[in-house]
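A.B. asks: Provided below: protein-v1.cif, containing mmCIF, C-alpha atoms.
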```cif
data_protein
loop_
_atom_site.group_PDB
_atom_site.id
_atom_site.type_symbol
_atom_site.label_atom_id
_atom_site.label_comp_id
_atom_site.auth_asym_id
_atom_site.auth_seq_id
_atom_site.Cartn_x
_atom_site.Cartn_y
_atom_site.Cartn_z
ATOM 1 C CA MET A 166 17.225 -19.001 11.332
ATOM 2 C CA ILE A 167 16.560 -21.424 8.460
ATOM 3 C CA ARG A 168 14.085 -23.367 10.608
ATOM 4 C CA TYR A 169 12.416 -20.121 11.697
ATOM 5 C CA LEU A 170 12.016 -18.892 8.111
ATOM 6 C CA ALA A 171 10.909 -22.333 6.907
ATOM 7 C CA ARG A 172 8.163 -22.369 9.528
ATOM 8 C CA ARG A 173 7.032 -18.870 8.502
ATOM 9 C CA ALA A 174 7.107 -19.846 4.829
ATOM 10 C CA GLY A 175 5.030 -22.929 5.661
ATOM 11 C CA HIS A 176 2.417 -20.714 7.286
ATOM 12 C CA GLY A 177 2.377 -18.605 4.124
ATOM 13 C CA LEU A 178 1.816 -21.659 1.931
ATOM 14 C CA LEU A 179 -1.093 -22.717 4.135
ATOM 15 C CA MET A 180 -2.575 -19.242 3.745
ATOM 16 C CA LEU A 181 -2.242 -19.463 -0.053
ATOM 17 C CA PHE A 182 -3.931 -22.858 -0.005
ATOM 18 C CA GLY A 183 -6.808 -21.540 2.110
ATOM 19 C CA VAL A 184 -7.262 -18.426 -0.050
ATOM 20 C CA SER A 185 -7.374 -20.502 -3.236
ATOM 21 C CA ILE A 186 -10.030 -22.843 -1.831
ATOM 22 C CA LEU A 187 -12.114 -19.902 -0.606
ATOM 23 C CA LEU A 188 -11.924 -18.225 -4.029
ATOM 24 C CA PHE A 189 -13.112 -21.357 -5.812
ATOM 25 C CA LEU A 190 -15.991 -21.751 -3.361
ATOM 26 C CA LEU A 191 -17.043 -18.125 -3.830
ATOM 27 C CA PHE A 192 -17.013 -18.423 -7.614
ATOM 28 C CA GLN A 193 -18.958 -21.669 -7.356
ATOM 29 C CA ALA A 194 -21.605 -19.908 -5.254
ATOM 30 C CA ALA A 195 -21.849 -16.944 -7.658
ATOM 31 C CA PRO A 196 -24.508 -17.336 -10.370
ATOM 32 C CA GLY A 197 -23.319 -17.718 -13.961
ATOM 33 C CA ASP A 198 -19.866 -17.745 -15.513
ATOM 34 C CA PHE A 199 -17.998 -16.320 -18.502
ATOM 35 C CA LEU A 200 -19.925 -18.453 -21.003
ATOM 36 C CA SER A 201 -23.357 -17.659 -19.567
ATOM 37 C CA GLU A 202 -23.612 -14.372 -21.482
ATOM 38 C CA MET A 203 -23.048 -16.225 -24.766
ATOM 39 C CA LYS A 204 -26.462 -17.809 -24.344
ATOM 40 C CA MET A 205 -27.981 -14.386 -25.013
ATOM 41 C CA ASN A 206 -26.333 -14.307 -28.454
ATOM 42 C CA SER A 207 -28.576 -16.054 -30.969
ATOM 43 C CA GLN A 208 -25.646 -16.509 -33.378
ATOM 44 C CA ILE A 209 -23.916 -18.925 -30.973
ATOM 45 C CA SER A 210 -25.468 -22.359 -30.871
ATOM 46 C CA PRO A 211 -25.980 -24.289 -27.610
ATOM 47 C CA GLU A 212 -23.694 -27.005 -28.964
ATOM 48 C CA THR A 213 -20.846 -24.472 -29.275
ATOM 49 C CA ILE A 214 -21.357 -23.332 -25.703
ATOM 50 C CA THR A 215 -21.389 -26.940 -24.501
ATOM 51 C CA MET A 216 -18.165 -27.622 -26.391
ATOM 52 C CA LEU A 217 -16.506 -24.532 -24.879
ATOM 53 C CA ARG A 218 -17.582 -25.522 -21.379
ATOM 54 C CA ALA A 219 -16.011 -28.941 -21.892
ATOM 55 C CA GLN A 220 -12.876 -27.375 -23.391
ATOM 56 C CA TYR A 221 -12.360 -25.074 -20.392
ATOM 57 C CA GLY A 222 -13.391 -27.724 -17.884
ATOM 58 C CA LEU A 223 -16.399 -25.766 -16.613
ATOM 59 C CA ASP A 224 -18.585 -28.862 -16.845
ATOM 60 C CA GLN A 225 -16.397 -30.691 -14.320
ATOM 61 C CA PRO A 226 -17.192 -30.857 -10.574
ATOM 62 C CA LEU A 227 -15.491 -28.318 -8.319
ATOM 63 C CA PRO A 228 -12.766 -30.647 -6.916
ATOM 64 C CA GLU A 229 -11.734 -31.633 -10.457
ATOM 65 C CA ARG A 230 -11.561 -28.007 -11.578
ATOM 66 C CA TYR A 231 -9.512 -27.094 -8.513
ATOM 67 C CA TRP A 232 -7.089 -29.957 -9.139
ATOM 68 C CA ARG A 233 -6.647 -28.895 -12.765
ATOM 69 C CA TRP A 234 -5.952 -25.334 -11.630
ATOM 70 C CA LEU A 235 -3.366 -26.569 -9.124
ATOM 71 C CA LYS A 236 -1.539 -28.474 -11.867
ATOM 72 C CA SER A 237 -1.687 -25.440 -14.121
ATOM 73 C CA SER A 238 -0.343 -23.230 -11.331
ATOM 74 C CA ALA A 239 2.521 -25.648 -10.767
ATOM 75 C CA ARG A 240 3.494 -25.052 -14.404
ATOM 76 C CA GLY A 241 3.249 -21.288 -13.855
ATOM 77 C CA ASP A 242 0.138 -20.743 -16.006
ATOM 78 C CA PHE A 243 -2.467 -20.026 -13.260
ATOM 79 C CA GLY A 244 -5.230 -21.365 -15.462
ATOM 80 C CA TYR A 245 -6.562 -20.019 -18.748
ATOM 81 C CA SER A 246 -8.099 -16.648 -19.542
ATOM 82 C CA PHE A 247 -11.470 -17.016 -21.236
ATOM 83 C CA ALA A 248 -11.596 -13.399 -22.388
ATOM 84 C CA TYR A 249 -8.065 -13.219 -23.862
ATOM 85 C CA ASN A 250 -7.739 -16.884 -24.921
ATOM 86 C CA THR A 251 -4.284 -17.149 -23.365
ATOM 87 C CA PRO A 252 -2.718 -18.507 -20.159
ATOM 88 C CA ALA A 253 -3.498 -16.197 -17.255
ATOM 89 C CA SER A 254 0.186 -15.845 -16.382
ATOM 90 C CA THR A 255 0.903 -13.925 -19.604
ATOM 91 C CA LEU A 256 -1.516 -11.268 -18.360
ATOM 92 C CA LEU A 257 -0.627 -11.356 -14.670
ATOM 93 C CA TRP A 258 3.185 -11.177 -14.597
ATOM 94 C CA PRO A 259 3.559 -7.864 -16.495
ATOM 95 C CA ARG A 260 0.756 -6.332 -14.405
ATOM 96 C CA ALA A 261 2.353 -7.584 -11.180
ATOM 97 C CA ARG A 262 5.649 -5.969 -12.198
ATOM 98 C CA ASN A 263 3.841 -2.671 -12.828
ATOM 99 C CA THR A 264 2.121 -2.849 -9.442
ATOM 100 C CA LEU A 265 5.451 -3.454 -7.689
ATOM 101 C CA LEU A 266 6.902 -0.533 -9.623
ATOM 102 C CA LEU A 267 4.454 1.708 -7.758
ATOM 103 C CA SER A 268 4.198 -0.074 -4.422
ATOM 104 C CA VAL A 269 7.887 -0.552 -3.567
ATOM 105 C CA PRO A 270 8.931 3.124 -3.976
ATOM 106 C CA ALA A 271 5.773 4.251 -2.174
ATOM 107 C CA LEU A 272 6.514 1.880 0.727
ATOM 108 C CA LEU A 273 10.093 3.095 1.086
ATOM 109 C CA ILE A 274 9.165 6.771 0.809
ATOM 110 C CA SER A 275 6.337 6.381 3.351
ATOM 111 C CA TRP A 276 8.649 4.861 5.960
ATOM 112 C CA LEU A 277 11.490 7.289 5.256
ATOM 113 C CA ILE A 278 9.085 10.158 5.927
ATOM 114 C CA ALA A 279 7.078 8.551 8.741
ATOM 115 C CA VAL A 280 9.929 7.424 10.996
ATOM 116 C CA PRO A 281 11.690 10.785 11.560
ATOM 117 C CA LEU A 282 8.433 12.765 11.640
ATOM 118 C CA GLY A 283 6.795 10.313 14.036
ATOM 119 C CA VAL A 284 9.808 10.357 16.369
ATOM 120 C CA LEU A 285 9.907 14.163 16.359
ATOM 121 C CA ALA A 286 6.160 14.333 16.999
ATOM 122 C CA ALA A 287 6.607 12.020 19.997
ATOM 123 C CA GLY A 288 9.306 14.351 21.309
ATOM 124 C CA TRP A 289 6.958 17.324 20.850
ATOM 125 C CA LYS A 290 4.136 15.697 22.800
ATOM 126 C CA GLY A 291 1.863 18.319 24.351
ATOM 127 C CA ARG A 292 3.323 21.237 22.371
ATOM 128 C CA TRP A 293 1.654 23.227 19.620
ATOM 129 C CA ALA A 294 3.642 21.329 16.971
ATOM 130 C CA ASP A 295 2.265 18.028 18.263
ATOM 131 C CA ARG A 296 -1.281 19.380 18.204
ATOM 132 C CA LEU A 297 -0.748 20.606 14.650
ATOM 133 C CA PHE A 298 0.667 17.203 13.712
ATOM 134 C CA SER A 299 -2.292 15.357 15.265
ATOM 135 C CA GLY A 300 -4.809 17.606 13.520
ATOM 136 C CA GLY A 301 -3.101 17.209 10.152
ATOM 137 C CA THR A 302 -2.878 13.431 10.377
ATOM 138 C CA SER A 303 -6.507 13.204 11.494
ATOM 139 C CA ALA A 304 -7.591 15.273 8.506
ATOM 140 C CA LEU A 305 -5.579 13.107 6.104
ATOM 141 C CA LEU A 306 -6.908 9.943 7.742
ATOM 142 C CA ALA A 307 -10.459 11.092 7.019
ATOM 143 C CA LEU A 308 -9.776 11.438 3.281
ATOM 144 C CA PRO A 309 -10.960 8.426 1.237
ATOM 145 C CA ASP A 310 -8.393 6.882 -1.073
ATOM 146 C CA VAL A 311 -10.616 7.602 -4.073
ATOM 147 C CA LEU A 312 -10.652 11.291 -3.193
ATOM 148 C CA ILE A 313 -6.854 11.347 -2.903
ATOM 149 C CA ALA A 314 -6.540 9.824 -6.381
ATOM 150 C CA LEU A 315 -9.071 12.288 -7.816
ATOM 151 C CA LEU A 316 -7.209 15.205 -6.226
ATOM 152 C CA ALA A 317 -3.991 13.951 -7.832
ATOM 153 C CA LEU A 318 -5.751 13.896 -11.203
ATOM 154 C CA LEU A 319 -7.039 17.408 -10.576
ATOM 155 C CA VAL A 320 -3.493 18.607 -9.883
ATOM 156 C CA ALA A 321 -2.326 17.043 -13.143
ATOM 157 C CA LEU A 322 -5.127 18.641 -15.147
ATOM 158 C CA LYS A 323 -4.813 22.093 -13.563
ATOM 159 C CA THR A 324 -1.044 22.396 -13.714
ATOM 160 C CA GLY A 325 -0.373 20.483 -16.918
ATOM 161 C CA MET A 326 2.972 19.408 -15.466
ATOM 162 C CA PHE A 327 2.208 15.723 -14.990
ATOM 163 C CA PRO A 328 1.030 13.114 -17.504
ATOM 164 C CA VAL A 329 -2.305 11.443 -16.833
ATOM 165 C CA GLY A 330 -2.815 7.722 -17.495
ATOM 166 C CA GLY A 331 -0.483 4.984 -18.624
ATOM 167 C CA MET A 332 3.135 4.260 -17.758
ATOM 168 C CA THR A 333 4.942 6.055 -20.576
ATOM 169 C CA SER A 334 4.246 8.308 -23.518
ATOM 170 C CA ILE A 335 3.522 6.766 -26.900
ATOM 171 C CA ASN A 336 6.898 7.496 -28.488
ATOM 172 C CA ALA A 337 9.024 7.278 -25.323
ATOM 173 C CA GLN A 338 10.900 4.120 -26.334
ATOM 174 C CA ASP A 339 11.972 5.662 -29.641
ATOM 175 C CA GLN A 340 13.925 8.375 -27.807
ATOM 176 C CA GLY A 341 16.445 6.113 -26.086
ATOM 177 C CA THR A 342 16.771 4.350 -22.735
ATOM 178 C CA TRP A 343 17.405 7.411 -20.577
ATOM 179 C CA ALA A 344 14.543 9.352 -22.131
ATOM 180 C CA TRP A 345 12.266 6.342 -21.553
ATOM 181 C CA LEU A 346 13.331 6.047 -17.907
ATOM 182 C CA ARG A 347 12.797 9.772 -17.365
ATOM 183 C CA ASP A 348 9.344 9.571 -18.951
ATOM 184 C CA LEU A 349 8.489 6.518 -16.821
ATOM 185 C CA GLY A 350 9.600 8.310 -13.649
ATOM 186 C CA TRP A 351 7.527 11.348 -14.558
ATOM 187 C CA HIS A 352 4.457 9.151 -15.047
ATOM 188 C CA MET A 353 5.098 7.553 -11.622
ATOM 189 C CA VAL A 354 5.184 10.827 -9.672
ATOM 190 C CA LEU A 355 1.465 11.323 -9.113
ATOM 191 C CA PRO A 356 0.476 7.661 -8.478
ATOM 192 C CA VAL A 357 3.351 7.190 -6.030
ATOM 193 C CA ALA A 358 2.498 10.495 -4.307
ATOM 194 C CA ALA A 359 -1.151 9.408 -3.966
ATOM 195 C CA LEU A 360 -0.031 6.066 -2.508
ATOM 196 C CA VAL A 361 2.287 7.787 -0.041
ATOM 197 C CA VAL A 362 -0.424 10.180 1.135
ATOM 198 C CA GLY A 363 -2.918 7.330 1.449
ATOM 199 C CA SER A 364 -0.647 5.146 3.602
ATOM 200 C CA LEU A 365 1.541 7.684 5.399
ATOM 201 C CA THR A 366 -0.933 8.793 8.051
ATOM 202 C CA ILE A 367 -1.417 5.418 9.733
ATOM 203 C CA ILE A 368 2.329 4.740 9.808
ATOM 204 C CA LEU A 369 3.003 8.199 11.285
ATOM 205 C CA ARG A 370 0.524 7.711 14.103
ATOM 206 C CA HIS A 371 1.875 4.248 14.943
ATOM 207 C CA VAL A 372 5.469 5.509 15.035
ATOM 208 C CA ARG A 373 4.472 8.390 17.298
ATOM 209 C CA ALA A 374 2.483 6.136 19.654
ATOM 210 C CA SER A 375 5.277 3.541 19.897
ATOM 211 C CA VAL A 376 7.966 6.136 20.653
ATOM 212 C CA ILE A 377 5.769 7.914 23.229
ATOM 213 C CA GLU A 378 5.233 4.598 25.022
ATOM 214 C CA VAL A 379 9.002 4.101 25.194
ATOM 215 C CA LEU A 380 9.647 7.685 26.319
ATOM 216 C CA GLU A 381 7.279 7.239 29.268
ATOM 217 C CA SER A 382 9.145 4.172 30.551
ATOM 218 C CA SER A 383 11.306 4.365 33.645
ATOM 219 C CA TYR A 384 14.628 3.615 31.934
ATOM 220 C CA MET A 385 14.066 6.402 29.385
ATOM 221 C CA ARG A 386 13.254 8.849 32.184
ATOM 222 C CA ALA A 387 16.485 7.797 33.866
ATOM 223 C CA ALA A 388 18.410 8.365 30.627
ATOM 224 C CA GLU A 389 16.790 11.785 30.272
ATOM 225 C CA GLY A 390 17.728 12.576 33.860
ATOM 226 C CA HIS A 391 21.381 11.930 33.030
ATOM 227 C CA GLY A 392 21.281 14.919 30.710
ATOM 228 C CA LEU A 393 21.485 13.173 27.339
ATOM 229 C CA PRO A 394 20.866 15.452 24.327
ATOM 230 C CA ARG A 395 17.268 15.372 23.165
ATOM 231 C CA PHE A 396 18.114 14.305 19.608
ATOM 232 C CA LYS A 397 20.319 11.439 20.810
ATOM 233 C CA LEU A 398 17.682 10.381 23.326
ATOM 234 C CA LEU A 399 14.981 10.190 20.627
ATOM 235 C CA PHE A 400 16.896 8.621 17.755
ATOM 236 C CA GLY A 401 19.673 6.826 19.606
ATOM 237 C CA TYR A 402 17.670 5.195 22.405
ATOM 238 C CA ALA A 403 13.894 5.621 22.030
ATOM 239 C CA LEU A 404 13.652 4.643 18.355
ATOM 240 C CA PRO A 405 15.651 1.365 18.692
ATOM 241 C CA ALA A 406 13.610 0.452 21.768
ATOM 242 C CA ALA A 407 10.374 1.032 19.823
ATOM 243 C CA ALA A 408 11.583 -0.857 16.744
ATOM 244 C CA ASN A 409 9.882 -4.180 17.528
ATOM 245 C CA PRO A 410 6.234 -3.122 16.968
ATOM 246 C CA LEU A 411 7.287 -0.908 14.056
ATOM 247 C CA ILE A 412 8.965 -3.821 12.270
ATOM 248 C CA SER A 413 5.777 -5.849 12.714
ATOM 249 C CA LEU A 414 3.827 -2.898 11.318
ATOM 250 C CA PHE A 415 6.150 -2.848 8.299
ATOM 251 C CA GLY A 416 4.875 -6.246 7.186
ATOM 252 C CA LEU A 417 1.261 -5.208 7.696
ATOM 253 C CA SER A 418 1.810 -1.954 5.801
ATOM 254 C CA VAL A 419 2.490 -3.995 2.661
ATOM 255 C CA ALA A 420 -1.106 -5.263 2.713
ATOM 256 C CA MET A 421 -2.426 -1.763 3.389
ATOM 257 C CA LEU A 422 -0.368 -0.331 0.535
ATOM 258 C CA LEU A 423 -1.493 -3.036 -1.882
ATOM 259 C CA SER A 424 -5.157 -2.363 -1.155
ATOM 260 C CA VAL A 425 -4.629 1.348 -1.784
ATOM 261 C CA SER A 426 -2.506 0.602 -4.853
ATOM 262 C CA LEU A 427 -5.233 -1.406 -6.589
ATOM 263 C CA LEU A 428 -7.642 1.507 -6.218
ATOM 264 C CA ILE A 429 -5.112 4.149 -7.297
ATOM 265 C CA GLU A 430 -4.266 2.099 -10.393
ATOM 266 C CA VAL A 431 -7.908 1.953 -11.464
ATOM 267 C CA VAL A 432 -8.542 5.683 -10.963
ATOM 268 C CA MET A 433 -5.265 6.841 -12.530
ATOM 269 C CA SER A 434 -5.211 4.248 -15.358
ATOM 270 C CA TRP A 435 -1.940 2.656 -14.285
ATOM 271 C CA PRO A 436 -1.624 -0.756 -16.017
ATOM 272 C CA GLY A 437 -1.205 -2.817 -12.865
ATOM 273 C CA ILE A 438 -3.135 -5.647 -11.243
ATOM 274 C CA GLY A 439 -5.986 -3.335 -10.162
ATOM 275 C CA PRO A 440 -7.494 -2.550 -13.602
ATOM 276 C CA LEU A 441 -6.976 -6.139 -14.767
ATOM 277 C CA LEU A 442 -8.717 -7.475 -11.656
ATOM 278 C CA LEU A 443 -11.682 -5.130 -12.145
ATOM 279 C CA GLU A 444 -12.045 -6.020 -15.827
ATOM 280 C CA SER A 445 -11.796 -9.729 -15.065
ATOM 281 C CA ILE A 446 -14.428 -9.549 -12.325
ATOM 282 C CA LEU A 447 -16.849 -7.760 -14.643
ATOM 283 C CA ALA A 448 -16.147 -10.301 -17.408
ATOM 284 C CA ARG A 449 -16.264 -13.241 -14.954
ATOM 285 C CA ASP A 450 -12.856 -14.362 -16.191
ATOM 286 C CA LEU A 451 -12.442 -16.875 -13.388
ATOM 287 C CA PHE A 452 -8.777 -17.834 -13.506
ATOM 288 C CA VAL A 453 -7.482 -14.308 -14.079
ATOM 289 C CA VAL A 454 -9.366 -13.132 -10.987
ATOM 290 C CA ILE A 455 -8.031 -16.031 -8.929
ATOM 291 C CA GLY A 456 -4.499 -15.460 -10.199
ATOM 292 C CA ALA A 457 -4.629 -11.725 -9.425
ATOM 293 C CA VAL A 458 -5.866 -12.332 -5.879
ATOM 294 C CA MET A 459 -3.269 -15.046 -5.336
ATOM 295 C CA LEU A 460 -0.470 -12.744 -6.510
ATOM 296 C CA SER A 461 -1.684 -10.044 -4.118
ATOM 297 C CA THR A 462 -1.634 -12.649 -1.344
ATOM 298 C CA VAL A 463 1.922 -13.621 -2.317
ATOM 299 C CA PHE A 464 2.977 -9.971 -2.007
ATOM 300 C CA LEU A 465 1.353 -9.811 1.426
ATOM 301 C CA ILE A 466 3.114 -12.988 2.579
ATOM 302 C CA ALA A 467 6.435 -11.708 1.215
ATOM 303 C CA GLY A 468 6.023 -8.462 3.171
ATOM 304 C CA ASN A 469 5.238 -10.328 6.370
ATOM 305 C CA LEU A 470 8.169 -12.680 5.789
ATOM 306 C CA LEU A 471 10.475 -9.683 5.350
ATOM 307 C CA GLY A 472 9.147 -8.290 8.630
ATOM 308 C CA ASP A 473 9.848 -11.641 10.317
ATOM 309 C CA VAL A 474 13.419 -11.603 8.993
ATOM 310 C CA LEU A 475 13.963 -8.097 10.354
ATOM 311 C CA LEU A 476 12.483 -9.098 13.709
ATOM 312 C CA TYR A 477 14.785 -12.096 13.854
ATOM 313 C CA ALA A 478 17.776 -9.895 13.055
ATOM 314 C CA PHE A 479 17.020 -7.076 15.521
ATOM 315 C CA ASP A 480 15.221 -8.770 18.411
ATOM 316 C CA PRO A 481 17.241 -11.353 20.409
ATOM 317 C CA ARG A 482 14.037 -12.583 22.082
ATOM 318 C CA ILE A 483 12.789 -13.874 18.736
ATOM 319 C CA ARG A 484 16.065 -15.719 18.202
ATOM 320 C CA ARG A 485 15.797 -17.382 21.624
ATOM 321 C CA GLN A 486 12.212 -18.457 20.931
ATOM 322 C CA ALA A 487 13.182 -19.782 17.519
#
```
Would you give me this structure, written as C-alpha cells?
C.D. replies:
Amino acid sequence: MIRYLARRAGHGLLMLFGVSILLFLLFQAAPGDFLSEMKMNSQISPETITMLRAQYGLDQPLPERYWRWLKSSARGDFGYSFAYNTPASTLLWPRARNTLLLSVPALLISWLIAVPLGVLAAGWKGRWADRLFSGGTSALLALPDVLIALLALLVALKTGMFPVGGMTSINAQDQGTWAWLRDLGWHMVLPVAALVVGSLTIILRHVRASVIEVLESSYMRAAEGHGLPRFKLLFGYALPAAANPLISLFGLSVAMLLSVSLLIEVVMSWPGIGPLLLESILARDLFVVIGAVMLSTVFLIAGNLLGDVLLYAFDPRIRRQA
C-alpha cells in the first residue's frame, strides 16, 4: 500500500511541477506586469521602477525567476505579493482554510444526499418517480453556477433570515466562542447550499447510472429471482457492486466542487481563494495568482489521492495490481 500511495503521490508532484511551469510560461506570454501601470504615474520616476523590478527579480530571465520561486516555495512563502508587500503565503493560507471550510461540508452533504437518492432512482427506473427525478436533475443541470449563487442572494435579501457577505458578523467574537461558531455556521448556510445544488446533480446522475448498470447484470437478476427484499437488493448488493466507479468519481468531484466554490465565493463575498485570485489577476500580482492556482491543484491531488486510498481499500483488484 505504501508503494501504491508513493507512486500516486509521485504522479501528483509531477502534475504540480507541470502546472507551475505552465503558469510561468503563460504569465511570461501575457503583456505587462504589476509594475507596468506605475509607468503611467508621472510621480514615479523610471529609476524607481527599475529598482523595484530588480528588487522583485522581474528583470531576471524566466528560468532564474522560476528557480527563485521554487526556493521560496520550499520555504513556504510561495513568492512575494507586489500589491500587499508581504509573502504570498500570509495571504493564501487563511484564504485556503476558508475555502476548505465551505468545500468539505458541501462535498460530504452532496454525497450523503446523492447516494441514497441515486440508488432509489435506479430502483424506480421507468416509473413516474424516475421520470420526475430525471426532469428535476436536468433542470438543475441547466442552471449556471452564477445563477444559483444569485438566487441564494435573492433568498437572503427577500427573507432576511440569512446574512449576506463575509464569514461572521462584526462583533461576533466579542460574544464568546459558541456565539461566534453559531454566527459562522449561519453565514455558511447559503454558500454551502449553493455549492451543494451546483454539484449535486452530476453526482446524482452518475450514482443512478452506475447502479442501473449493476441492476441489469445477470448476477443481480439472479439475486432478484431468489426473492431478496428490494431495499436489501439495492443497498446491500447493488450499491457495493457499483462502488468502484463512484469512488473514482469522488476524487473528480473535488475538482468540480472547487471550480464551483471559487465562483460562489466571488458572488457571495466569502473570503476564500476565489476573491483573492480574481483581485490578484486584475492587479497582475504574479506570485499570489500562481500560489492560489497551485493550492487549488494541491486540493485536487489530495481528493484524487483520497479516492485512490478508498479504491485500494475496497477493491481487491487494485491491491493485486499494486
A.B. asks: Which residues, named as in the file, does the PyMOL selection byres ((chain A and resi 230) around 12) pick out? Answer as a list in words.
C.D. replies: Ser185, Ile186, Phe189, Leu190, Phe192, Gln193, Arg218, Ala219, Gln220, Tyr221, Gly222, Leu223, Asp224, Gln225, Pro226, Leu227, Pro228, Glu229, Tyr231, Trp232, Arg233, Trp234, Leu235, Lys236, Ser237, Gly244, Tyr245, Leu451 and Phe452 of chain A
A.B. asks: Which polymer residues have any atom within 12 Å of an atom of Phe396 (chain A), counting all atoms listed in the file, with same-chain residues fewer than 3 positions away left out, as a list in words?
C.D. replies: Pro281, Val284, Leu285, Ala287, Gly288, Trp289, Glu389, Gly392, Leu393, Leu399, Phe400, Gly401, Tyr402, Ala403 and Leu404 of chain A
A.B. asks: Please, what distance in Å, to one decimal, runs between CA of Leu267 (chain A) and CA of Gly341 (chain A)?
C.D. replies: 22.3 Å
A.B. asks: Could you give me, as a ChimeraX atom specification, the residues within 10 Å of Ile466 (chain A), counting only C-alpha atoms and dropping anything in the same chain fewer than 2 positions from it?
C.D. replies: /A:173-174,176-178,180-181,416-417,419-420,460-464,468-472
A.B. asks: Could you give me, as a tab-separated table (two decimals) with C-alpha atoms, in the frame of the given file, the residues within 8 Å of Ala248 (chain A), counting only C-alpha atoms and dropping anything in the same chain fewer than 2 positions from it?
C.D. replies:
```tsv
chain	number	residue	atom	x	y	z
A	246	SER	CA	-8.10	-16.65	-19.54
A	250	ASN	CA	-7.74	-16.88	-24.92
A	448	ALA	CA	-16.15	-10.30	-17.41
A	450	ASP	CA	-12.86	-14.36	-16.19
```
A.B. asks: With the file shown as input, list the residues that the PyMOL selection byres ((chain A and resi 348-365) around 8) selects, as a ChimeraX atom specification.
C.D. replies: /A:267-268,270-272,274-276,278-279,305-306,310,313-314,317-318,321,327-334,337,344-347,366-369,418,421-422,425-426,429-430,433
A.B. asks: Any chance you could export the current selection's C-alpha atoms as an mmCIF file, keeping the file's coordinate frame?
C.D. replies:
```cif
data_model
loop_
_atom_site.group_PDB
_atom_site.id
_atom_site.type_symbol
_atom_site.label_atom_id
_atom_site.label_comp_id
_atom_site.auth_asym_id
_atom_site.auth_seq_id
_atom_site.Cartn_x
_atom_site.Cartn_y
_atom_site.Cartn_z
ATOM 1 C CA LEU A 267 4.454 1.708 -7.758
ATOM 2 C CA SER A 268 4.198 -0.074 -4.422
ATOM 3 C CA PRO A 270 8.931 3.124 -3.976
ATOM 4 C CA ALA A 271 5.773 4.251 -2.174
ATOM 5 C CA LEU A 272 6.514 1.880 0.727
ATOM 6 C CA ILE A 274 9.165 6.771 0.809
ATOM 7 C CA SER A 275 6.337 6.381 3.351
ATOM 8 C CA TRP A 276 8.649 4.861 5.960
ATOM 9 C CA ILE A 278 9.085 10.158 5.927
ATOM 10 C CA ALA A 279 7.078 8.551 8.741
ATOM 11 C CA LEU A 305 -5.579 13.107 6.104
ATOM 12 C CA LEU A 306 -6.908 9.943 7.742
ATOM 13 C CA ASP A 310 -8.393 6.882 -1.073
ATOM 14 C CA ILE A 313 -6.854 11.347 -2.903
ATOM 15 C CA ALA A 314 -6.540 9.824 -6.381
ATOM 16 C CA ALA A 317 -3.991 13.951 -7.832
ATOM 17 C CA LEU A 318 -5.751 13.896 -11.203
ATOM 18 C CA ALA A 321 -2.326 17.043 -13.143
ATOM 19 C CA PHE A 327 2.208 15.723 -14.990
ATOM 20 C CA PRO A 328 1.030 13.114 -17.504
ATOM 21 C CA VAL A 329 -2.305 11.443 -16.833
ATOM 22 C CA GLY A 330 -2.815 7.722 -17.495
ATOM 23 C CA GLY A 331 -0.483 4.984 -18.624
ATOM 24 C CA MET A 332 3.135 4.260 -17.758
ATOM 25 C CA THR A 333 4.942 6.055 -20.576
ATOM 26 C CA SER A 334 4.246 8.308 -23.518
ATOM 27 C CA ALA A 337 9.024 7.278 -25.323
ATOM 28 C CA ALA A 344 14.543 9.352 -22.131
ATOM 29 C CA TRP A 345 12.266 6.342 -21.553
ATOM 30 C CA LEU A 346 13.331 6.047 -17.907
ATOM 31 C CA ARG A 347 12.797 9.772 -17.365
ATOM 32 C CA THR A 366 -0.933 8.793 8.051
ATOM 33 C CA ILE A 367 -1.417 5.418 9.733
ATOM 34 C CA ILE A 368 2.329 4.740 9.808
ATOM 35 C CA LEU A 369 3.003 8.199 11.285
ATOM 36 C CA SER A 418 1.810 -1.954 5.801
ATOM 37 C CA MET A 421 -2.426 -1.763 3.389
ATOM 38 C CA LEU A 422 -0.368 -0.331 0.535
ATOM 39 C CA VAL A 425 -4.629 1.348 -1.784
ATOM 40 C CA SER A 426 -2.506 0.602 -4.853
ATOM 41 C CA ILE A 429 -5.112 4.149 -7.297
ATOM 42 C CA GLU A 430 -4.266 2.099 -10.393
ATOM 43 C CA MET A 433 -5.265 6.841 -12.530
#
```
A.B. asks: Which residues come within 12 Å of Ser382 (chain A), counting all atoms listed in the file, excluding same-chain residues fewer than 5 positions away, as a list in words?
C.D. replies: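 Result of the neighbour search: Ser375, Val376, Ile377, Ala387, Ala388, Glu389, Tyr402, Ala403, Ala406 and Ala407 of chain A.
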A.B. asks: Find the residues around Trp258 (chain A) up to 10 Å (only C-alpha atoms counted), leave out those fewer than 3 positions away in its own chain, and share them as a list in words.
C.D. replies: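 Counting only the stated atoms, we get Ala253, Ser254, Thr255, Ala261, Arg262, Asn263, Thr264, Gly437, Ile438, Gly456, Ala457 and Leu460 of chain A.
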A.B. asks: Enter the distance from CA of Pro410 (chain A) to CA of Leu476 (chain A), in Å, rounded to one decimal.
C.D. replies: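 Interatomic distance here is 9.2 Å.
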A.B. asks: Enter the distance from CA of Phe182 (chain A) to CA of Ile455 (chain A), in Å, rounded to one decimal.
C.D. replies: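 Answer for the CA of Phe182 (chain A) to CA of Ile455 (chain A) separation: 12.0 Å.
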A.B. asks: From the options A:Met459, A:Ala307, A:Ala374, A:Ile446, which residue's atoms come nearest to Phe247 (chain A), counting only C-alpha atoms?
C.D. replies: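 Once distances to Phe247 (chain A) are computed over only C-alpha atoms, the minimum belongs to A:Ile446.
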A.B. asks: Kindly indicate which residue among A:Ala286, A:Leu273, A:Val320, A:Ile214 lies nearest to His371 (chain A), using all atoms listed in the file for the distances.
C.D. replies: A:Ala286
A.B. asks: What box, with edges along x, y and z, holds each listed atom of region 468-478 of chain A when 6 Å is added on every side, and can you state its centre and edge lengths in Å to one decimal, as JSON?
C.D. replies:
```
{"center_x": 11.5, "center_y": -10.4, "center_z": 8.5, "size_x": 24.5, "size_y": 16.6, "size_z": 22.7}
```
